[in-house]
$ cat work23.txt   # compact mmCIF, C-alpha atoms
# COMPACT_ATOMS: atom_id res chain seq x y z
CA MET W 1 -4.75 9.02 34.47
CA THR W 2 -5.76 6.79 31.52
CA GLU W 3 -3.42 7.17 28.55
CA VAL W 4 -4.96 7.93 25.14
CA PHE W 5 -3.27 7.92 21.74
CA LYS W 6 -4.29 10.76 19.42
CA GLY W 7 -2.47 9.94 16.18
CA SER W 8 -3.92 8.75 12.87
CA PHE W 9 -3.39 5.15 11.75
CA THR W 10 -4.03 6.14 8.12
CA GLN W 11 -1.79 9.21 7.80
CA GLN W 12 1.24 8.67 5.53
CA ASP W 13 4.45 10.67 5.39
CA PRO W 14 4.54 13.31 2.61
CA ILE W 15 5.73 12.76 -0.94
CA PRO W 16 9.40 13.86 -1.19
CA ALA W 17 9.94 17.37 -2.52
CA GLU W 18 11.80 15.93 -5.50
CA GLY W 19 8.75 13.85 -6.41
CA ILE W 20 6.42 16.84 -6.10
CA ALA W 21 8.70 18.87 -8.37
CA ALA W 22 8.92 16.06 -10.92
CA ALA W 23 5.15 15.57 -10.89
CA THR W 24 4.65 19.31 -11.37
CA ALA W 25 6.98 19.25 -14.37
CA VAL W 26 4.97 16.40 -15.92
CA MET W 27 1.74 18.31 -15.41
CA GLN W 28 3.26 21.42 -16.92
CA HIS W 29 4.36 19.72 -20.11
CA GLY W 30 1.23 17.54 -20.22
CA ARG W 31 2.84 14.29 -21.40
CA LEU W 32 1.25 12.04 -18.80
CA HIS W 33 0.88 9.00 -21.06
CA ARG W 34 3.93 6.77 -20.77
CA TYR W 35 4.49 6.55 -24.52
CA ASN W 36 4.12 10.30 -25.14
CA GLU W 37 7.74 11.48 -25.26
CA ALA W 38 9.31 14.60 -26.70
CA ALA W 39 12.37 14.30 -28.93
CA GLY W 40 15.34 13.09 -26.89
CA GLU W 41 13.19 12.47 -23.80
CA THR W 42 12.86 9.26 -21.78
CA ALA W 43 9.49 8.88 -20.10
CA GLU W 44 9.31 8.86 -16.31
CA ALA W 45 7.63 5.43 -16.43
CA ALA W 46 10.50 3.94 -18.44
CA LEU W 47 13.08 5.40 -16.05
CA LEU W 48 11.12 4.12 -13.06
CA GLU W 49 11.14 0.59 -14.48
CA GLN W 50 14.91 0.69 -14.93
CA GLU W 51 15.43 1.96 -11.40
CA PHE W 52 13.08 -0.57 -9.80
CA ALA W 53 14.63 -3.46 -11.73
CA ALA W 54 18.03 -2.37 -10.45
CA TYR W 55 16.71 -2.07 -6.89
CA VAL W 56 15.38 -5.63 -6.71
CA GLY W 57 18.11 -7.12 -8.92
CA ALA W 58 15.79 -8.22 -11.74
CA GLU W 59 16.54 -8.37 -15.43
CA TYR W 60 13.17 -6.84 -16.35
CA ALA W 61 10.49 -4.68 -14.71
CA LEU W 62 7.08 -3.39 -15.78
CA ALA W 63 5.21 -0.53 -14.07
CA VAL W 64 1.43 -0.90 -14.07
CA ALA W 65 -1.76 0.64 -12.73
CA SER W 66 -2.05 -1.40 -9.51
CA GLY W 67 -0.65 -4.31 -7.58
CA GLY W 68 -3.77 -6.33 -8.38
CA TYR W 69 -3.29 -5.66 -12.09
CA ALA W 70 0.35 -6.79 -11.76
CA ILE W 71 -0.83 -10.11 -10.31
CA CYS W 72 -3.49 -10.61 -13.00
CA THR W 73 -0.93 -9.87 -15.70
CA ALA W 74 1.61 -12.23 -14.15
CA LEU W 75 -0.95 -15.05 -13.96
CA ARG W 76 -1.91 -14.56 -17.60
CA ALA W 77 1.75 -14.35 -18.64
CA VAL W 78 2.63 -17.65 -16.95
CA GLY W 79 -0.26 -19.31 -18.77
CA VAL W 80 -3.19 -19.52 -16.32
CA LYS W 81 -6.32 -20.17 -18.35
CA HIS W 82 -10.04 -20.29 -17.62
CA GLY W 83 -10.82 -23.08 -15.18
CA ASP W 84 -7.22 -23.64 -14.07
CA PRO W 85 -6.66 -24.20 -10.34
CA VAL W 86 -4.17 -21.87 -8.65
CA LEU W 87 -2.77 -22.53 -5.19
CA THR W 88 -2.67 -19.58 -2.79
CA ASN W 89 -2.57 -18.74 0.93
CA ALA W 90 -5.85 -18.90 2.81
CA PHE W 91 -4.69 -15.84 4.80
CA THR W 92 -4.39 -12.93 2.41
CA LEU W 93 -6.38 -9.94 1.18
CA ALA W 94 -9.21 -9.97 -1.35
CA PRO W 95 -7.19 -8.77 -4.41
CA VAL W 96 -5.15 -12.02 -4.36
CA PRO W 97 -7.96 -14.55 -4.92
CA GLY W 98 -9.65 -11.78 -6.88
CA ALA W 99 -6.79 -11.79 -9.39
CA ILE W 100 -7.11 -15.57 -9.78
CA ALA W 101 -10.83 -15.22 -10.40
CA ALA W 102 -10.25 -12.31 -12.79
CA VAL W 103 -8.23 -14.51 -15.16
CA GLY W 104 -10.79 -17.32 -14.89
CA GLY W 105 -8.81 -19.45 -12.47
CA THR W 106 -10.03 -21.18 -9.33
CA PRO W 107 -8.29 -20.51 -5.99
CA VAL W 108 -7.11 -23.60 -4.11
CA TYR W 109 -6.45 -22.41 -0.57
CA VAL W 110 -3.49 -23.60 1.46
CA GLU W 111 -3.55 -23.50 5.27
CA VAL W 112 -1.46 -20.96 7.18
CA THR W 113 0.61 -21.28 10.35
CA PRO W 114 0.46 -19.24 13.58
CA ASP W 115 3.43 -17.30 12.20
CA LEU W 116 1.07 -16.16 9.40
CA VAL W 117 2.92 -17.82 6.54
CA ILE W 118 1.79 -20.52 4.14
CA ASP W 119 1.75 -23.99 5.72
CA LEU W 120 4.45 -25.81 3.76
CA ASP W 121 3.24 -29.25 4.84
CA ASP W 122 -0.22 -28.47 3.48
CA LEU W 123 1.35 -27.01 0.33
CA ALA W 124 3.29 -30.24 -0.21
CA ALA W 125 0.08 -32.25 0.28
CA LYS W 126 -1.74 -30.13 -2.32
CA ALA W 127 1.14 -29.78 -4.78
CA ASP W 128 -0.53 -32.14 -7.26
CA GLN W 129 -3.65 -29.97 -7.47
CA ALA W 130 -2.27 -27.05 -9.53
CA LYS W 131 0.64 -25.93 -11.69
CA VAL W 132 0.81 -22.37 -10.35
CA LEU W 133 1.21 -21.01 -6.82
CA LEU W 134 0.29 -17.39 -6.13
CA LEU W 135 2.28 -16.92 -2.93
CA SER W 136 1.09 -14.03 -0.77
CA HIS W 137 3.69 -12.66 1.64
CA MET W 138 0.75 -11.40 3.65
CA ARG W 139 1.46 -8.56 6.07
CA GLY W 140 5.19 -8.95 5.37
CA HIS W 141 5.57 -12.43 6.83
CA ILE W 142 8.03 -14.58 4.84
CA CYS W 143 8.07 -18.37 4.96
CA ASP W 144 11.07 -20.67 4.45
CA MET W 145 11.60 -19.80 0.79
CA ASP W 146 14.19 -22.54 0.30
CA ARG W 147 11.76 -25.27 1.28
CA LEU W 148 8.89 -23.67 -0.61
CA MET W 149 10.88 -23.56 -3.85
CA GLN W 150 12.02 -27.16 -3.33
CA ILE W 151 8.38 -28.27 -3.04
CA CYS W 152 7.33 -26.25 -6.08
CA ASP W 153 10.29 -27.18 -8.26
CA ALA W 154 9.79 -30.89 -7.50
CA ALA W 155 6.11 -30.65 -8.45
CA GLY W 156 6.64 -28.47 -11.53
CA ILE W 157 4.77 -25.54 -9.95
CA THR W 158 5.41 -22.01 -11.24
CA VAL W 159 5.58 -19.49 -8.38
CA VAL W 160 4.19 -15.96 -8.66
CA GLU W 161 5.02 -13.88 -5.57
CA ASP W 162 2.64 -11.26 -4.24
CA CYS W 163 5.04 -8.82 -2.57
CA ALA W 164 2.56 -6.04 -1.85
CA HIS W 165 3.72 -6.10 1.80
CA THR W 166 7.36 -7.11 1.27
CA MET W 167 8.93 -4.57 -1.05
CA GLY W 168 12.51 -4.39 0.24
CA ALA W 169 12.22 -7.48 2.45
CA THR W 170 14.73 -10.29 1.96
CA TRP W 171 15.28 -14.02 2.43
CA LYS W 172 18.96 -14.84 2.95
CA GLY W 173 19.80 -11.50 1.39
CA VAL W 174 17.70 -12.07 -1.75
CA GLN W 175 14.93 -9.57 -2.39
CA SER W 176 11.36 -10.70 -1.92
CA GLY W 177 9.90 -11.40 -5.34
CA ARG W 178 13.10 -12.87 -6.74
CA HIS W 179 12.59 -16.53 -5.87
CA GLY W 180 9.65 -17.36 -8.12
CA ALA W 181 9.14 -16.78 -11.84
CA VAL W 182 7.53 -13.38 -11.23
CA GLY W 183 7.41 -10.89 -8.37
CA CYS W 184 4.46 -8.48 -8.07
CA TYR W 185 4.44 -5.29 -5.97
CA SER W 186 2.01 -2.54 -5.03
CA THR W 187 2.52 1.21 -4.69
CA GLN W 188 -0.92 1.85 -3.22
CA THR W 189 -0.94 4.49 -0.48
CA TYR W 190 -0.58 2.06 2.43
CA LYS W 191 2.39 0.23 0.90
CA HIS W 192 6.11 0.99 1.05
CA ILE W 193 6.29 3.57 -1.70
CA ASN W 194 3.22 5.64 -2.43
CA SER W 195 1.57 6.73 -5.67
CA GLY W 196 -2.03 6.30 -4.51
CA GLU W 197 -2.38 3.30 -6.83
CA GLY W 198 0.23 1.51 -8.91
CA GLY W 199 2.38 -1.59 -9.08
CA PHE W 200 5.25 -3.50 -10.64
CA LEU W 201 6.01 -6.96 -11.87
CA VAL W 202 9.58 -8.20 -12.27
CA THR W 203 11.14 -11.29 -13.82
CA ASP W 204 14.31 -12.59 -15.45
CA ASP W 205 12.29 -14.43 -18.12
CA ALA W 206 12.37 -12.48 -21.40
CA GLU W 207 9.36 -14.19 -22.98
CA LEU W 208 7.28 -13.83 -19.85
CA MET W 209 8.08 -10.11 -19.64
CA ALA W 210 7.31 -9.62 -23.33
CA ARG W 211 3.86 -11.12 -22.76
CA ALA W 212 3.35 -8.88 -19.72
CA VAL W 213 4.34 -5.76 -21.66
CA MET W 214 1.92 -6.61 -24.48
CA LEU W 215 -0.84 -7.42 -21.99
CA SER W 216 -0.32 -4.09 -20.22
CA GLY W 217 -1.29 -2.19 -23.37
CA SER W 218 1.97 -1.36 -25.13
CA TYR W 219 0.40 -1.70 -28.59
CA MET W 220 3.56 -1.95 -30.74
CA LEU W 221 5.52 0.52 -28.60
CA TYR W 222 7.31 -2.19 -26.60
CA GLY W 223 10.64 -0.74 -27.72
CA LYS W 224 10.08 2.15 -25.31
CA HIS W 225 10.43 -0.25 -22.36
CA ARG W 226 14.06 0.15 -21.38
CA ALA W 227 13.66 -2.48 -18.66
CA GLY W 228 12.12 -4.95 -21.10
CA PRO W 229 13.55 -7.52 -23.51
CA GLY W 230 14.78 -6.81 -27.03
CA PRO W 231 12.42 -6.53 -30.05
CA GLU W 232 13.22 -10.04 -31.27
CA VAL W 233 11.42 -11.55 -28.26
CA TYR W 234 8.14 -9.95 -29.37
CA GLU W 235 8.10 -11.37 -32.90
CA GLU W 236 5.44 -14.01 -32.26
CA ILE W 237 4.14 -12.76 -28.92
CA ARG W 238 2.87 -9.49 -30.33
CA TYR W 239 0.36 -11.31 -32.56
CA GLU W 240 -1.06 -13.69 -29.97
CA THR W 241 -1.19 -11.60 -26.79
CA PRO W 242 -4.30 -9.48 -26.06
CA ASN W 243 -4.11 -5.84 -25.00
CA ILE W 244 -5.63 -5.50 -21.52
CA SER W 245 -4.56 -1.95 -20.81
CA GLY W 246 -3.25 -1.20 -17.34
CA ARG W 247 -0.23 1.02 -17.84
CA MET W 248 1.33 3.27 -15.25
CA ASP W 249 1.35 6.93 -16.26
CA ASN W 250 4.24 9.38 -16.05
CA LEU W 251 2.65 11.37 -13.25
CA ARG W 252 2.67 8.46 -10.80
CA ALA W 253 6.09 7.37 -12.01
CA ALA W 254 7.47 10.84 -11.28
CA VAL W 255 6.09 10.64 -7.74
CA LEU W 256 7.60 7.18 -7.19
CA ARG W 257 11.12 7.55 -8.57
CA PRO W 258 12.54 9.60 -5.64
CA GLN W 259 11.01 7.16 -3.15
CA ILE W 260 13.04 4.13 -4.26
CA PRO W 261 16.31 5.43 -2.71
CA LEU W 262 14.39 6.06 0.53
CA LEU W 263 13.28 2.45 0.95
CA ALA W 264 16.21 1.32 3.11
CA GLY W 265 15.60 4.11 5.60
CA ARG W 266 11.87 3.53 5.58
CA ILE W 267 12.31 -0.18 6.24
CA ALA W 268 14.60 0.55 9.17
CA GLY W 269 12.02 3.02 10.49
CA TRP W 270 9.12 0.58 10.22
CA ASN W 271 11.09 -2.23 11.83
CA ALA W 272 12.12 0.03 14.71
CA ARG W 273 8.48 0.93 15.34
CA HIS W 274 7.37 -2.69 15.06
CA ASN W 275 10.05 -3.77 17.54
CA VAL W 276 8.98 -1.18 20.11
CA VAL W 277 5.41 -2.53 20.15
CA ARG W 278 6.67 -6.13 20.13
CA ASP W 279 8.95 -5.49 23.10
CA VAL W 280 6.11 -4.01 25.15
CA LEU W 281 3.85 -7.02 24.46
CA HIS W 282 6.56 -9.70 24.66
CA GLY W 283 5.76 -12.33 27.26
CA LEU W 284 2.24 -11.05 27.91
CA ASN W 285 0.04 -13.95 28.97
CA GLY W 286 -2.30 -15.20 26.25
CA VAL W 287 -0.68 -13.19 23.44
CA TYR W 288 1.15 -14.95 20.61
CA LEU W 289 3.51 -12.83 18.53
CA PRO W 290 4.32 -14.33 15.09
CA GLN W 291 7.97 -15.31 14.76
CA ALA W 292 10.12 -14.62 11.70
CA PRO W 293 12.82 -17.07 10.57
CA GLU W 294 16.37 -15.85 11.13
CA ALA W 295 16.96 -15.84 7.37
CA ALA W 296 14.11 -13.36 6.78
CA VAL W 297 14.30 -9.58 7.02
CA ARG W 298 10.71 -8.38 6.90
CA VAL W 299 9.19 -4.92 6.66
CA GLY W 300 7.29 -4.20 9.87
CA SER W 301 4.84 -1.66 8.46
CA SER W 302 2.05 -3.43 10.31
CA PHE W 303 1.77 -5.41 13.53
CA GLN W 304 -0.10 -8.65 14.21
CA PHE W 305 -0.79 -10.71 17.30
CA LEU W 306 -2.98 -13.70 18.12
CA MET W 307 -5.42 -13.98 21.03
CA ARG W 308 -5.79 -17.76 21.05
CA GLY W 309 -9.03 -19.23 22.31
CA TRP W 310 -10.79 -15.89 22.85
CA ALA W 311 -14.51 -15.79 22.16
CA THR W 312 -15.93 -13.32 19.65
CA GLU W 313 -17.51 -11.13 22.32
CA ARG W 314 -14.24 -10.87 24.21
CA ILE W 315 -12.26 -9.80 21.14
CA GLU W 316 -14.92 -7.29 20.14
CA ALA W 317 -14.80 -5.82 23.65
CA LEU W 318 -11.01 -5.55 23.49
CA MET W 319 -11.18 -3.76 20.15
CA ALA W 320 -13.82 -1.35 21.44
CA ALA W 321 -11.79 -0.59 24.56
CA CYS W 322 -8.66 0.08 22.51
CA ALA W 323 -10.62 2.26 20.09
CA LYS W 324 -11.81 4.43 22.98
CA ARG W 325 -8.15 5.02 23.76
CA GLY W 326 -7.27 5.85 20.16
CA VAL W 327 -5.79 2.52 19.04
CA ASP W 328 -7.34 1.30 15.77
CA LEU W 329 -7.31 -2.51 15.49
CA LYS W 330 -8.56 -4.79 12.73
CA TRP W 331 -9.75 -8.35 13.31
CA PHE W 332 -9.58 -11.15 10.74
CA GLY W 333 -11.97 -13.39 12.65
CA ALA W 334 -15.17 -11.40 12.09
CA ALA W 335 -18.04 -13.24 10.42
CA GLU W 336 -18.58 -10.42 7.91
CA PRO W 337 -15.94 -8.58 5.84
CA LYS W 338 -15.24 -5.01 6.94
CA ALA W 339 -13.26 -2.37 5.04
CA PHE W 340 -9.96 -3.97 3.91
CA THR W 341 -10.36 -6.96 6.23
CA SER W 342 -11.94 -10.17 4.99
CA ARG W 343 -11.17 -13.88 5.01
CA TYR W 344 -11.29 -16.79 2.59
CA ASP W 345 -14.89 -17.76 3.36
CA SER W 346 -15.97 -14.21 2.41
CA TRP W 347 -14.88 -14.76 -1.21
CA ARG W 348 -17.83 -16.82 -2.36
CA TYR W 349 -16.99 -16.62 -6.04
CA ALA W 350 -14.57 -19.46 -5.24
CA PRO W 351 -15.10 -22.83 -3.53
CA VAL W 352 -14.92 -22.49 0.27
CA PRO W 353 -13.02 -25.45 1.70
CA LYS W 354 -12.70 -26.65 5.29
CA LEU W 355 -9.47 -25.19 6.73
CA PRO W 356 -9.53 -25.85 10.49
CA LYS W 357 -5.97 -24.64 11.16
CA THR W 358 -6.53 -21.35 9.36
CA ASP W 359 -9.93 -20.88 11.02
CA ALA W 360 -8.38 -21.23 14.47
CA ILE W 361 -5.67 -18.68 13.61
CA LEU W 362 -7.97 -16.09 12.01
CA ALA W 363 -10.38 -16.36 14.94
CA GLY W 364 -7.86 -14.63 17.17
CA LEU W 365 -5.83 -12.58 14.69
CA ILE W 366 -5.52 -8.86 15.42
CA ASP W 367 -3.91 -6.48 12.91
CA MET W 368 -2.68 -2.88 13.23
CA ARG W 369 -0.96 -0.43 10.89
CA LEU W 370 2.25 1.32 11.96
CA PRO W 371 2.74 4.34 9.69
CA LEU W 372 6.06 6.17 9.67
CA THR W 373 4.24 9.26 10.91
CA PHE W 374 4.28 7.57 14.35
CA SER W 375 7.30 8.25 16.54
CA LEU W 376 8.95 5.55 18.62
CA GLU W 377 7.35 7.19 21.65
CA ASP W 378 3.95 6.87 19.95
CA CYS W 379 4.58 3.17 19.41
CA ASP W 380 5.58 2.69 23.03
CA LEU W 381 2.33 4.37 24.10
CA ILE W 382 0.31 2.17 21.70
CA GLY W 383 2.02 -0.89 23.14
CA ARG W 384 1.22 0.19 26.70
CA ILE W 385 -2.45 0.74 25.82
CA LEU W 386 -2.65 -2.70 24.21
CA ARG W 387 -0.94 -4.36 27.17
CA ASP W 388 -3.20 -2.55 29.62
CA GLU W 389 -6.45 -3.45 27.84
CA ILE W 390 -5.42 -7.09 27.22
CA THR W 391 -4.48 -7.43 30.89
CA LYS W 392 -7.82 -5.97 31.98
CA ALA W 393 -9.70 -8.30 29.64
CA GLN W 394 -7.94 -11.31 31.18
CA SER W 395 -8.45 -10.33 34.81
$ encode --input "work23.txt" --output "structure tokens"
Amino acid sequence: MTEVFKGSFTQQDPIPAEGIAAATAVMQHGRLHRYNEAAGETAEAALLEQEFAAYVGAEYALAVASGGYAICTALRAVGVKHGDPVLTNAFTLAPVPGAIAAVGGTPVYVEVTPDLVIDLDDLAAKADQAKVLLLSHMRGHICDMDRLMQICDAAGITVVEDCAHTMGATWKGVQSGRHGAVGCYSTQTYKHINSGEGGFLVTDDAELMARAVMLSGSYMLYGKHRAGPGPEVYEEIRYETPNISGRMDNLRAAVLRPQIPLLAGRIAGWNARHNVVRDVLHGLNGVYLPQAPEAAVRVGSSFQFLMRGWATERIEALMAACAKRGVDLKWFGAAEPKAFTSRYDSWRYAPVPKLPKTDAILAGLIDMRLPLTFSLEDCDLIGRILRDEITKAQS
């Protein structure tokens, strides 16, 4: 009998009861705006910033409306101006080059490796082309952060980390987002804590955070940011920094706060599910599974594998066969963007370079979500279906 998986690849686990209760309380009192506080009250957004800063070990944190807004704000805060080139991974999602374009910058794409991280040799070769690197830890894959920072420090490059897929991941025990000048995170539904939309940026740089707070739309209420710098840091910044409102509200903050203590357990759960699928596919002929450095602890909330040298028709047939058996795959090699999946030559608002290494990798790159609503048994079944259909396609 042919096995079929019947679960949903887009179903998340529920919001914790504590978050539902806190959100209900916010709706009952009506003070959703982050600066609307009753006497003696600290806004949920301000408390969330303190708690997230403590979680990642940052001096300062700012909660904002989305991960993409966090990146835009970080790029503006580090000084990216109209026309400035910004280095970034060629393998990422559209909001990353979109953020560069949104601040008037020009993406300069860096090749990626079969392990789905930025190609550090290509980064070193292009280090003289820009003064900022927007590093995307795409799909949770973490490169050698020691070597990356050596390259960037030697070239005077400021690093902004896109940690949308690596909240809670580490390199040599240091949280993702804590190596560069700024770390940016997302709390969109498919990320590691869920408020539908939302994000954070963190830094230890007081002036940089003051600029970010002003940019986010604090008006002159920056003193309400308990995870921000003191009022003296704003003295000049408040006059020269535009308001580009993108604040997080208290309703989303209330939903998020109880999820931060759950991150360790969630990460363990995702990694267990990822490892089950990996173990089923390990050693399968023609399948390359990206390898993580020993120093990296990633968050396996999604699964990727490469079918090297497969023609378009063959990959499309594999995806269709898996879909008939309930396994929803995404492919980064398609000629046209589809849903969340696109590639660097789809983003035609920016120059499209020749990137032969990246092209060869994306041509065979398959991607799959692994929500926590799947059991380990579900993941074993998904792995068996993948193995079965790949084997059939190769026979």
$ residues_around --input "work23.txt" --residues "segment 237-239 of chain W" --least-positions-apart "5" --cutoff "8 Å" --atoms "only C-alpha atoms" --output "PDB file with C-alpha atoms, keeping the file's coordinate frame"
ATOM      1  CA  ALA W 210       7.310  -9.620 -23.330  1.00  0.00           C
ATOM      2  CA  ARG W 211       3.860 -11.120 -22.760  1.00  0.00           C
ATOM      3  CA  MET W 214       1.920  -6.610 -24.480  1.00  0.00           C
ATOM      4  CA  MET W 220       3.560  -1.950 -30.740  1.00  0.00           C
TER       5      MET W 220
END
$ atom_distance --input "work23.txt" --atom1 "atom CA of Thr391 of chain W" --atom2 "atom CA of Ala320 of chain W"
14.6 Å
$ closest_residue --input "work23.txt" --among "W:Ser218, W:Gln291, W:Thr24, W:Thr203" --to "His141 of chain W" --atoms "only C-alpha atoms"
W:Gln291
$ atom_distance --input "work23.txt" --atom1 "atom CA of Ala63 of chain W" --atom2 "atom CA of Glu37 of chain W"
16.6 Å
$ residues_around --input "work23.txt" --residues "Ile366 of chain W" --least-positions-apart "5" --cutoff "6 Å" --atoms "all atoms listed in the file" --output "VMD selection string"
chain W and resid 304 to 305 330 to 331
$ atom_distance --input "work23.txt" --atom1 "atom CA of Gly104 of chain W" --atom2 "atom CA of Glu240 of chain W"
18.3 Å
$ closest_residue --input "work23.txt" --among "W:Met145, W:Ala99, W:Ala74, W:Ala254" --to "Tyr349 of chain W" --atoms "only C-alpha atoms"
W:Ala99
$ residues_around --input "work23.txt" --residues "Val103 of chain W" --least-positions-apart "6" --cutoff "10 Å" --atoms "all atoms listed in the file" --output "PyMOL selection string"
chain W and resi 71-73+75-76+79-84
$ closest_residue --input "work23.txt" --among "W:Ala45, W:Val174, W:Ala363, W:Ala321" --to "Gly57 of chain W" --atoms "all atoms listed in the file"
W:Val174
$ residues_around --input "work23.txt" --residues "Val327 of chain W" --least-positions-apart "4" --cutoff "9 Å" --atoms "all atoms listed in the file" --output "NGL selection string"
:W and (4-9 or 319 or 321-323 or 368 or 382 or 385-386)
$ residues_around --input "work23.txt" --residues "segment 153-160 of chain W" --least-positions-apart "2" --cutoff "10 Å" --atoms "all atoms listed in the file" --output "PyMOL selection string"
chain W and resi 71+74-75+78-79+86-88+124+126-136+147-151+162-163+177-184+201+203
$ write_last_selection --input "work23.txt" --atoms "C-alpha atoms" --output "PDB file, in the frame of the given file"
ATOM      1  CA  ILE W  71      -0.830 -10.110 -10.310  1.00  0.00           C
ATOM      2  CA  ALA W  74       1.610 -12.230 -14.150  1.00  0.00           C
ATOM      3  CA  LEU W  75      -0.950 -15.050 -13.960  1.00  0.00           C
ATOM      4  CA  VAL W  78       2.630 -17.650 -16.950  1.00  0.00           C
ATOM      5  CA  GLY W  79      -0.260 -19.310 -18.770  1.00  0.00           C
ATOM      6  CA  VAL W  86      -4.170 -21.870  -8.650  1.00  0.00           C
ATOM      7  CA  LEU W  87      -2.770 -22.530  -5.190  1.00  0.00           C
ATOM      8  CA  THR W  88      -2.670 -19.580  -2.790  1.00  0.00           C
ATOM      9  CA  ALA W 124       3.290 -30.240  -0.210  1.00  0.00           C
ATOM     10  CA  LYS W 126      -1.740 -30.130  -2.320  1.00  0.00           C
ATOM     11  CA  ALA W 127       1.140 -29.780  -4.780  1.00  0.00           C
ATOM     12  CA  ASP W 128      -0.530 -32.140  -7.260  1.00  0.00           C
ATOM     13  CA  GLN W 129      -3.650 -29.970  -7.470  1.00  0.00           C
ATOM     14  CA  ALA W 130      -2.270 -27.050  -9.530  1.00  0.00           C
ATOM     15  CA  LYS W 131       0.640 -25.930 -11.690  1.00  0.00           C
ATOM     16  CA  VAL W 132       0.810 -22.370 -10.350  1.00  0.00           C
ATOM     17  CA  LEU W 133       1.210 -21.010  -6.820  1.00  0.00           C
ATOM     18  CA  LEU W 134       0.290 -17.390  -6.130  1.00  0.00           C
ATOM     19  CA  LEU W 135       2.280 -16.920  -2.930  1.00  0.00           C
ATOM     20  CA  SER W 136       1.090 -14.030  -0.770  1.00  0.00           C
ATOM     21  CA  ARG W 147      11.760 -25.270   1.280  1.00  0.00           C
ATOM     22  CA  LEU W 148       8.890 -23.670  -0.610  1.00  0.00           C
ATOM     23  CA  MET W 149      10.880 -23.560  -3.850  1.00  0.00           C
ATOM     24  CA  GLN W 150      12.020 -27.160  -3.330  1.00  0.00           C
ATOM     25  CA  ILE W 151       8.380 -28.270  -3.040  1.00  0.00           C
ATOM     26  CA  ASP W 162       2.640 -11.260  -4.240  1.00  0.00           C
ATOM     27  CA  CYS W 163       5.040  -8.820  -2.570  1.00  0.00           C
ATOM     28  CA  GLY W 177       9.900 -11.400  -5.340  1.00  0.00           C
ATOM     29  CA  ARG W 178      13.100 -12.870  -6.740  1.00  0.00           C
ATOM     30  CA  HIS W 179      12.590 -16.530  -5.870  1.00  0.00           C
ATOM     31  CA  GLY W 180       9.650 -17.360  -8.120  1.00  0.00           C
ATOM     32  CA  ALA W 181       9.140 -16.780 -11.840  1.00  0.00           C
ATOM     33  CA  VAL W 182       7.530 -13.380 -11.230  1.00  0.00           C
ATOM     34  CA  GLY W 183       7.410 -10.890  -8.370  1.00  0.00           C
ATOM     35  CA  CYS W 184       4.460  -8.480  -8.070  1.00  0.00           C
ATOM     36  CA  LEU W 201       6.010  -6.960 -11.870  1.00  0.00           C
ATOM     37  CA  THR W 203      11.140 -11.290 -13.820  1.00  0.00           C
TER      38      THR W 203
END
$ closest_residue --input "work23.txt" --among "W:Ala101, W:Ile15, W:Ala253, W:Ala393" --to "Leu318 of chain W" --atoms "only C-alpha atoms"
W:Ala393
$ closest_residue --input "work23.txt" --among "W:Leu116, W:Leu355, W:Leu251, W:Ala311" --to "Gln28 of chain W" --atoms "all atoms listed in the file"
W:Leu251
$ closest_residue --input "work23.txt" --among "W:Ser302, W:Thr187, W:Ser342, W:Asn275" --to "Met248 of chain W" --atoms "only C-alpha atoms"
W:Thr187
$ closest_atom_pairs --input "work23.txt" --of "segment 356-388 of chain W" --to "segment 283-290 of chain W" --cutoff "10 Å" --atoms "all atoms listed in the file" --output "Markdown table"
| residue | atom | partner | partner_atom | distance |
| --- | --- | --- | --- | --- |
| W:Gly364 | CA | W:Val287 | CA | 9.6 |
| W:Leu365 | CA | W:Tyr288 | CA | 9.5 |
| W:Arg387 | CA | W:Leu284 | CA | 7.4 |
$ axis_aligned_box --input "work23.txt" --around "segment 248-253 of chain W" --padding-each-side "8 Å" --output "JSON"
{"center_x": 3.7, "center_y": 7.3, "center_z": -13.5, "size_x": 20.8, "size_y": 24.1, "size_z": 21.5}
$ decode --input "work23.txt" --residues "segment 188-209 of chain W" --atoms "C-alpha atoms" --output "CSV table (one decimal), in the first residue's frame"
chain,number,residue,atom,x,y,z
W,188,GLN,CA,6.1,36.4,11.2
W,189,THR,CA,3.9,33.3,11.5
W,190,TYR,CA,6.4,30.9,9.9
W,191,LYS,CA,9.3,32.0,12.1
W,192,HIS,CA,10.4,30.8,15.6
W,193,ILE,CA,8.0,32.9,17.6
W,194,ASN,CA,4.7,34.0,16.1
W,195,SER,CA,2.8,37.3,16.1
W,196,GLY,CA,1.6,37.1,12.5
W,197,GLU,CA,4.0,39.9,11.6
W,198,GLY,CA,6.7,41.6,13.7
W,199,GLY,CA,10.4,41.8,14.2
W,200,PHE,CA,13.3,43.0,16.3
W,201,LEU,CA,16.7,44.6,15.9
W,202,VAL,CA,19.4,44.4,18.5
W,203,THR,CA,22.8,46.0,19.0
W,204,ASP,CA,25.3,47.1,21.6
W,205,ASP,CA,25.9,50.4,19.9
W,206,ALA,CA,24.0,53.2,21.7
W,207,GLU,CA,24.0,55.7,18.9
W,208,LEU,CA,22.9,53.2,16.3
W,209,MET,CA,20.0,52.1,18.5
